[in-house]
Amino acid sequence: MRRWTIRIGAVILLAVTGVMGAKWLGRSEPAPTVRTERVVHGDVEATVMATGIVQPQNRLEIKPPIAGRAEEILVREGQVVRKGQILAWMSSGERAALLDAASARGPEELAHWQALFKPAPLIAPLDGLIIARNVEPGQTITAQDAVLVMSDRLIVKAQVDETDIAQVTVGQRARVVIDAYPRQVITGRVDHISYEAKTVNNVTIYEVDILPARPPDFMRSGMTANVTFVVAAKHQILLLPAEAIQTDLGVATVRLAGGAGGGAPRTVEIVTGLNDGKRVEILSGLQAGDAVLVPIMRMPAPSHNGLSSPLTPGGRRPATRNR
């Protein structure tokens with residue numbers, strides 16, 4: 001009797017398992033549905049994206065010819081200066097010592113030696129912008145200390161992957177967005193493409209200089225920027241979402257919806273053009289207003305009780321309450 005009981009229990013267990021497994025495997029995946037997209041007129045552009053840093057195109061440190069003391073600094077950071085403009089007055093070590101001694105003797109003695117022993121000027125070597133003021137009046141400096149730092153103009157130096165560099169050319173339009181000012185778009189053009197590659201994080205890149213058309217006042221050296229290079233652009237052309245197009249062996253096709261009479265959908269071969277990753281230019285095969293079917297793949301809905309398949313090892317089990 002015990003042996004028969006064990007056999008009957010095993011048969012019942014196998015039957016229950018088979019029914020549950022068949023029920024689970026019998027759940028059909030929901031068939032993909034479709035949506036309709038119309039061929040429309042619009043604008044599209046192909047672009048290349050890169051990151052970059054704002055920095056001076058030519059950074060120049062202005063140092064005194066000899067060691068001494070800064071008597072007067074005539075400029076401030078952010079000020080635009082012209083070539084030949086006096087930026088600061090410097091005293092040599094001898095002049096500084098002489099003026100200090102004359103000052104102890106009285107204002108008349110000091111004025112006499114100031115008129116007799118003139119300070120040396122620091123002159124701007126080019127037109128540009130003062131981006132750093134490192135010394136204040138009265139500070140002692142050496143010939144290696146940079147009193148001021150200036151640049152002729154600010155540029156954006158972008159890092160372009162070697163796989164995209166073929167699409168970037170000198171004079172090409174570019175858009176720059178500074179991370180600190182995401183709503184401000186700065187227009188510019190490619191000014192220079194480096195001839196030597198660099199390796200950054202095991203990726204080969206080329207540095208590309210973008211010259212802004214009008215650098216905004218908020219632009220500062222060292223800011224991080226996102227750069228968009230405009231490779232090509234077209235306006236008022238026929239466009240269709242990229243997911244509506246199927247490509248097989250180089251042949252692009254779409255599923256054209258049936259007409260007003262309720263005809264069956266049919267496959268139409270098309271010729272595509274410019275692609276921005278989301279929308280594709282239609283060169284031939286379709287007309288404006290044509291309705292194209294786009295498949296929508298839906299994920300299967302989870303079970304109402306949230307249980308995994310009973311046939312899956314390690315499947316999720318219902319939570320138990322602690323008593």
# chains A, B, ... in the order shown; residues from 1 in each chain; ligands from 1

$ residues_around --residues "Asp290 of chain A" --least-positions-apart "5" --cutoff "8 Å" --atoms "only C-alpha atoms" --output "count of residues only"
3

$ residues_around --residues "Val149 of chain A" --least-positions-apart "5" --cutoff "7 Å" --atoms "only C-alpha atoms" --output "list in words"
Leu60, Glu61, Ile62, Ile130, Ile131, Ala132 and Arg133 of chain A

$ write_last_selection --atoms "N, CA and C atoms" --output "PDB file, in the first residue's frame"
ATOM      1  N   LEU A  60      49.172  84.425 -23.504  1.00  0.00           N
ATOM      2  CA  LEU A  60      50.442  85.135 -23.361  1.00  0.00           C
ATOM      3  C   LEU A  60      50.613  85.596 -21.922  1.00  0.00           C
ATOM      4  N   GLU A  61      51.710  85.199 -21.299  1.00  0.00           N
ATOM      5  CA  GLU A  61      52.057  85.662 -19.960  1.00  0.00           C
ATOM      6  C   GLU A  61      53.005  86.854 -20.076  1.00  0.00           C
ATOM      7  N   ILE A  62      52.620  87.930 -19.432  1.00  0.00           N
ATOM      8  CA  ILE A  62      53.434  89.158 -19.483  1.00  0.00           C
ATOM      9  C   ILE A  62      54.284  89.216 -18.214  1.00  0.00           C
ATOM     10  N   ILE A 130      42.510  90.750 -21.082  1.00  0.00           N
ATOM     11  CA  ILE A 130      43.211  90.386 -19.857  1.00  0.00           C
ATOM     12  C   ILE A 130      42.393  89.283 -19.172  1.00  0.00           C
ATOM     13  N   ILE A 131      42.986  88.096 -19.022  1.00  0.00           N
ATOM     14  CA  ILE A 131      42.254  86.978 -18.418  1.00  0.00           C
ATOM     15  C   ILE A 131      42.761  86.658 -17.015  1.00  0.00           C
ATOM     16  N   ALA A 132      43.875  87.231 -16.602  1.00  0.00           N
ATOM     17  CA  ALA A 132      44.374  86.995 -15.240  1.00  0.00           C
ATOM     18  C   ALA A 132      45.235  88.175 -14.813  1.00  0.00           C
ATOM     19  N   ARG A 133      45.032  88.611 -13.575  1.00  0.00           N
ATOM     20  CA  ARG A 133      45.850  89.658 -12.955  1.00  0.00           C
ATOM     21  C   ARG A 133      46.451  89.045 -11.687  1.00  0.00           C
TER      22      ARG A 133
END

$ closest_atom_pairs --of "segment 73-170 of chain A" --to "segment 201-204 of chain A" --cutoff "9 Å" --atoms "only C-alpha atoms" --output "CSV"
residue,atom,partner,partner_atom,distance
A:Val160,CA,A:Thr204,CA,8.6
A:Asp161,CA,A:Thr204,CA,6.2
A:Glu162,CA,A:Thr204,CA,5.9
A:Thr163,CA,A:Thr204,CA,8.8

$ write_last_selection --atoms "C-alpha atoms" --output "PDB file, in the first residue's frame"
ATOM      1  CA  VAL A 160      36.575  64.693 -32.183  1.00  0.00           C
ATOM      2  CA  ASP A 161      36.744  60.921 -32.478  1.00  0.00           C
ATOM      3  CA  GLU A 162      38.826  59.649 -35.381  1.00  0.00           C
ATOM      4  CA  THR A 163      35.753  57.894 -36.797  1.00  0.00           C
TER       5      THR A 163
END

$ closest_residue --among "A:Ile53, A:Val44, A:Leu87, A:Ala232" --to "Gln172 of chain A" --atoms "only C-alpha atoms"
A:Ala232

$ residues_around --residues "Ile73 of chain A" --least-positions-apart "5" --cutoff "7 Å" --atoms "only C-alpha atoms" --output "list of chain:residue names"
A:Leu87, A:Ala88, A:Trp89, A:Glu136, A:Pro137

$ closest_residue --among "A:Leu154, A:Leu274, A:Val75, A:Ile66" --to "His235 of chain A" --atoms "only C-alpha atoms"
A:Leu274

$ select_by_dssp --residues "segment 127-254 of chain A" --states "strand (DSSP E or B)" --output "number ranges by chain"
A: 128-133, 140-141, 148-151, 154-161, 173-178, 185-193, 198-200, 203-212, 224-241, 246-248, 251-254

$ closest_residue --among "A:Met219, A:Ala101, A:Met90, A:Val185" --to "Gly78 of chain A" --atoms "only C-alpha atoms"
A:Met219

$ residues_around --residues "Val147 of chain A" --least-positions-apart "2" --cutoff "6 Å" --atoms "only C-alpha atoms" --output "compact mmCIF listing (two decimals) with N, CA and C atoms, in the first residue's frame"
# COMPACT_ATOMS: atom_id res chain seq x y z
N ILE A 62 52.62 87.93 -19.43
CA ILE A 62 53.43 89.16 -19.48
C ILE A 62 54.28 89.22 -18.21
N LYS A 63 55.60 89.11 -18.40
CA LYS A 63 56.54 89.09 -17.28
C LYS A 63 57.44 90.34 -17.33
N ASN A 134 47.74 88.74 -11.74
CA ASN A 134 48.39 87.96 -10.69
C ASN A 134 49.14 88.80 -9.66
N VAL A 135 49.30 90.08 -9.91
CA VAL A 135 50.12 90.93 -9.04
C VAL A 135 49.33 92.18 -8.69

$ atom_distance --atom1 "atom CA of Ala46 of chain A" --atom2 "atom CA of Val168 of chain A"
11.6 Å
